[in-house]
Amino acid sequence: MGENELLLRHTETWASAKNRPLDRDLLETAIRLWTGHGGHAAQEWPAGSAESLLLQQWPTQAHLTDAEVGALVESLETFWRFLRATGRMRSGSAEPRALTKEARRAAPKMIAAAAGPEQHRPMTVEEALVEWPGDVAEWEDEEEFEFEDEFEDEFAEDYFDDFTRETWALLPDDHDGWASDPPVEVSAWEARKSPLVQECLRFARWIGDGKRITGGVLRPAQVREASAEFDLGDWEREFLARSPHAVPGILDSPAFGDRASDGRLGGIDHLVTTRALQTLWFACTYAGLIEVESTVVRATPDADPQHERSPDDWARLGHVSAVLGVVTRHFLEPLDPVLRVLLPFLREGVDRVEVSEVQDWWWEHDKNPWTYQGLGISQARTASDRQVERLLWAVGDTGIWRRERQTLHRTALGMDVAMDFVNDLSGLLATG
């Protein structure tokens, strides 16, 4: 039995045990191409090797469909993780996370290079699917299985550390100074202009002297009344219309239905039809505009239109409203795209971020759920970009940035919120 054959068998069994996607034939071809050029070993993958394989060596073979390219990237990621987890990765190799990012960046170029004029047509559902691998061989050595589990535990810790470093990399470093703290007067002015802040004040006045509630929450009739008064139904419908699930063919895919994580992908949208109302409720509560007891909720004196606020008071109201807006409206969805906008605002000289930059960053991000759902690259990328657009749209009324078409401009209020995220980054990441 050849060395690569044994390696493939062990990879196949490890992938099955870890519930990782793997296309045996594609991986076998990839290893053959990689080892056949330049004398590389199958366990040796330095930086740049993924791009070299996909854009230089593979094009000498038969062209792949969009779905096959997606399956190839997934299989390579599984293989690299296997090498790293079992201690087989040669010294000088890049980390699996970095190699996977390389492959994801190269994949669209690989597809474009292979696509002839006749291939520029809508993708069928069948082409978008990548099936799970079938039966795999039994482990030949139980001791080796335990050995690999030990390395897998270590890899899990390293993988989390890599993710943490990637998130913190958005912040200023030795080469980028921290931006100066904005004057509180500017934050206060922006808070007063925030549509969400004004809606919170109006909601508190709607609560008024007191409304009877049950168990500390509004009754169904009151929810309907608030929804009509504040046009919350329109917001919810727009949020649902922007769902990444709206990409043609995704929901028809049995592979996607089996593998998708509903919470992370926003698949439970239909169960959270009051997130806009929850934003007003929690923002008003934490900002001290309403008091909630078990049987009654009432507005506080701070909700009075004649109540005078200092610049610090306005800034705090805007800050609390924005943070609660982000957290409640992104219920069980990742906050990373929002952090990708806000945290760079803390760098000196960074006063704007392009939506396309956020979409590119999220597509290569470890937490992006669309890169492992068994979809074709084009379909998965479209869903990923739609998710970014929706998450950014959902907080567009908070004032944490000022949007002009596809450009998000820095605001003082956004910088304040960004610092709040930095001070409790671990807790915020856990909500993603």
# chains A, B, ... in the order shown; residues from 1 in each chain; ligands from 1
$ residues_around --residues "Leu324 of chain A" --least-positions-apart "6" --cutoff "12 Å" --atoms "only C-alpha atoms" --output "list in words"
Leu196, Val197, Cys200, Arg275, Ala276, Leu277, Gln278, Thr279, Leu280, Trp281, Phe282, Ala283, Cys284, Thr285, Tyr286, Ala287, Leu317, Gly318, His330, Phe331, Val395, Thr398, Ile400, Val417, Asp420, Phe421 and Leu428 of chain A
$ write_last_selection --atoms "N, CA, C and O atoms" --output "CSV table (one decimal), in the first residue's frame"
chain,number,residue,atom,x,y,z
A,196,LEU,N,-33.2,55.6,16.2
A,196,LEU,CA,-33.5,54.7,17.2
A,196,LEU,C,-33.7,55.4,18.5
A,196,LEU,O,-34.6,55.0,19.3
A,197,VAL,N,-32.9,56.3,18.9
A,197,VAL,CA,-33.1,57.1,20.1
A,197,VAL,C,-34.4,57.8,20.2
A,197,VAL,O,-35.1,57.7,21.2
A,200,CYS,N,-37.1,55.3,20.8
A,200,CYS,CA,-37.1,54.8,22.2
A,200,CYS,C,-37.8,55.8,23.1
A,200,CYS,O,-38.6,55.5,23.9
A,275,ARG,N,-38.3,41.1,17.2
A,275,ARG,CA,-37.0,41.6,17.6
A,275,ARG,C,-36.9,43.1,17.5
A,275,ARG,O,-36.2,43.8,18.3
A,276,ALA,N,-37.7,43.8,16.6
A,276,ALA,CA,-37.7,45.2,16.6
A,276,ALA,C,-38.3,45.8,17.9
A,276,ALA,O,-37.9,46.8,18.5
A,277,LEU,N,-39.4,45.1,18.4
A,277,LEU,CA,-40.0,45.5,19.6
A,277,LEU,C,-39.1,45.2,20.8
A,277,LEU,O,-39.0,46.0,21.7
A,278,GLN,N,-38.4,44.1,20.8
A,278,GLN,CA,-37.5,43.8,21.8
A,278,GLN,C,-36.4,44.9,22.0
A,278,GLN,O,-35.9,45.2,23.1
A,279,THR,N,-35.9,45.4,20.8
A,279,THR,CA,-34.9,46.5,20.9
A,279,THR,C,-35.5,47.7,21.7
A,279,THR,O,-34.8,48.2,22.5
A,280,LEU,N,-36.7,48.1,21.3
A,280,LEU,CA,-37.2,49.3,22.1
A,280,LEU,C,-37.4,48.9,23.5
A,280,LEU,O,-37.1,49.8,24.4
A,281,TRP,N,-37.9,47.7,23.8
A,281,TRP,CA,-38.2,47.4,25.2
A,281,TRP,C,-36.9,47.3,26.1
A,281,TRP,O,-36.9,48.0,27.1
A,282,PHE,N,-35.9,46.6,25.6
A,282,PHE,CA,-34.7,46.5,26.4
A,282,PHE,C,-33.9,47.8,26.4
A,282,PHE,O,-33.3,48.2,27.4
A,283,ALA,N,-33.8,48.5,25.3
A,283,ALA,CA,-33.1,49.8,25.3
A,283,ALA,C,-33.7,50.8,26.2
A,283,ALA,O,-33.0,51.5,27.0
A,284,CYS,N,-35.1,50.9,26.3
A,284,CYS,CA,-35.7,51.8,27.2
A,284,CYS,C,-35.5,51.3,28.6
A,284,CYS,O,-35.4,52.2,29.5
A,285,THR,N,-35.5,50.0,28.9
A,285,THR,CA,-35.3,49.5,30.2
A,285,THR,C,-33.9,49.9,30.7
A,285,THR,O,-33.7,50.4,31.8
A,286,TYR,N,-32.9,49.6,29.9
A,286,TYR,CA,-31.5,49.8,30.4
A,286,TYR,C,-31.1,51.3,30.4
A,286,TYR,O,-30.2,51.7,31.1
A,287,ALA,N,-31.8,52.0,29.6
A,287,ALA,CA,-31.5,53.5,29.6
A,287,ALA,C,-32.3,54.2,30.6
A,287,ALA,O,-32.1,55.4,30.8
A,317,LEU,N,-27.5,57.8,26.5
A,317,LEU,CA,-28.7,57.3,25.9
A,317,LEU,C,-28.5,56.7,24.6
A,317,LEU,O,-29.0,55.6,24.2
A,318,GLY,N,-27.7,57.4,23.8
A,318,GLY,CA,-27.4,56.9,22.4
A,318,GLY,C,-26.5,55.7,22.5
A,318,GLY,O,-26.7,54.7,21.7
A,330,HIS,N,-29.5,41.2,16.3
A,330,HIS,CA,-28.6,40.1,15.7
A,330,HIS,C,-28.8,38.9,16.6
A,330,HIS,O,-27.9,38.1,16.7
A,331,PHE,N,-30.0,38.7,17.1
A,331,PHE,CA,-30.3,37.5,17.9
A,331,PHE,C,-29.7,36.2,17.3
A,331,PHE,O,-30.2,35.8,16.2
A,395,VAL,N,-28.9,47.5,11.8
A,395,VAL,CA,-28.5,48.5,12.8
A,395,VAL,C,-28.3,49.9,12.2
A,395,VAL,O,-27.6,50.8,12.8
A,398,THR,N,-29.2,53.2,14.2
A,398,THR,CA,-28.6,53.4,15.5
A,398,THR,C,-27.7,54.6,15.6
A,398,THR,O,-27.6,55.2,16.7
A,400,ILE,N,-24.5,54.4,14.7
A,400,ILE,CA,-23.1,53.9,14.9
A,400,ILE,C,-22.2,54.1,13.7
A,400,ILE,O,-21.0,54.0,13.8
A,417,VAL,N,-19.4,53.1,21.0
A,417,VAL,CA,-19.9,51.7,21.0
A,417,VAL,C,-18.8,50.7,20.8
A,417,VAL,O,-18.7,49.7,21.4
A,420,ASP,N,-17.0,50.1,23.9
A,420,ASP,CA,-17.7,49.2,24.7
A,420,ASP,C,-17.6,47.8,24.3
A,420,ASP,O,-17.4,46.9,25.2
A,421,PHE,N,-17.6,47.5,23.0
A,421,PHE,CA,-17.3,46.2,22.6
A,421,PHE,C,-16.0,45.7,22.9
A,421,PHE,O,-15.8,44.5,23.3
A,428,LEU,N,-19.3,39.6,24.0
A,428,LEU,CA,-20.0,39.9,22.8
A,428,LEU,C,-19.8,38.8,21.7
A,428,LEU,O,-20.7,38.5,21.0
$ residues_around --residues "segment 72-81 of chain A" --least-positions-apart "6" --cutoff "6 Å" --atoms "only C-alpha atoms" --output "number ranges by chain"
A: 22-23, 26, 96, 100
$ residues_around --residues "Asp176 of chain A" --least-positions-apart "2" --cutoff "7 Å" --atoms "only C-alpha atoms" --output "list in words"
Pro172, Asp173, Asp174, Trp178, Arg347 and Glu348 of chain A
$ write_last_selection --atoms "C-alpha atoms" --output "compact mmCIF listing (two decimals), in the first residue's frame"
# COMPACT_ATOMS: atom_id res chain seq x y z
CA PRO A 172 -4.96 49.35 16.25
CA ASP A 173 -1.52 47.78 16.55
CA ASP A 174 2.04 49.03 16.73
CA TRP A 178 -5.46 54.89 18.33
CA ARG A 347 -7.60 53.39 14.33
CA GLU A 348 -6.13 56.77 13.62
$ closest_residue --among "A:Arg90, A:Arg381, A:Arg403, A:Arg224" --to "Pro369 of chain A" --atoms "only C-alpha atoms"
A:Arg381
$ select_by_dssp --residues "segment 275-383 of chain A" --states "alpha helix (DSSP H)" --output "MDAnalysis selection string"
chainID A and resid 275:286 311:329 336:342 355:363 377:383
$ closest_residue --among "A:Thr35, A:Arg390, A:Glu308, A:Gly414" --to "Ser243 of chain A" --atoms "only C-alpha atoms"
A:Arg390
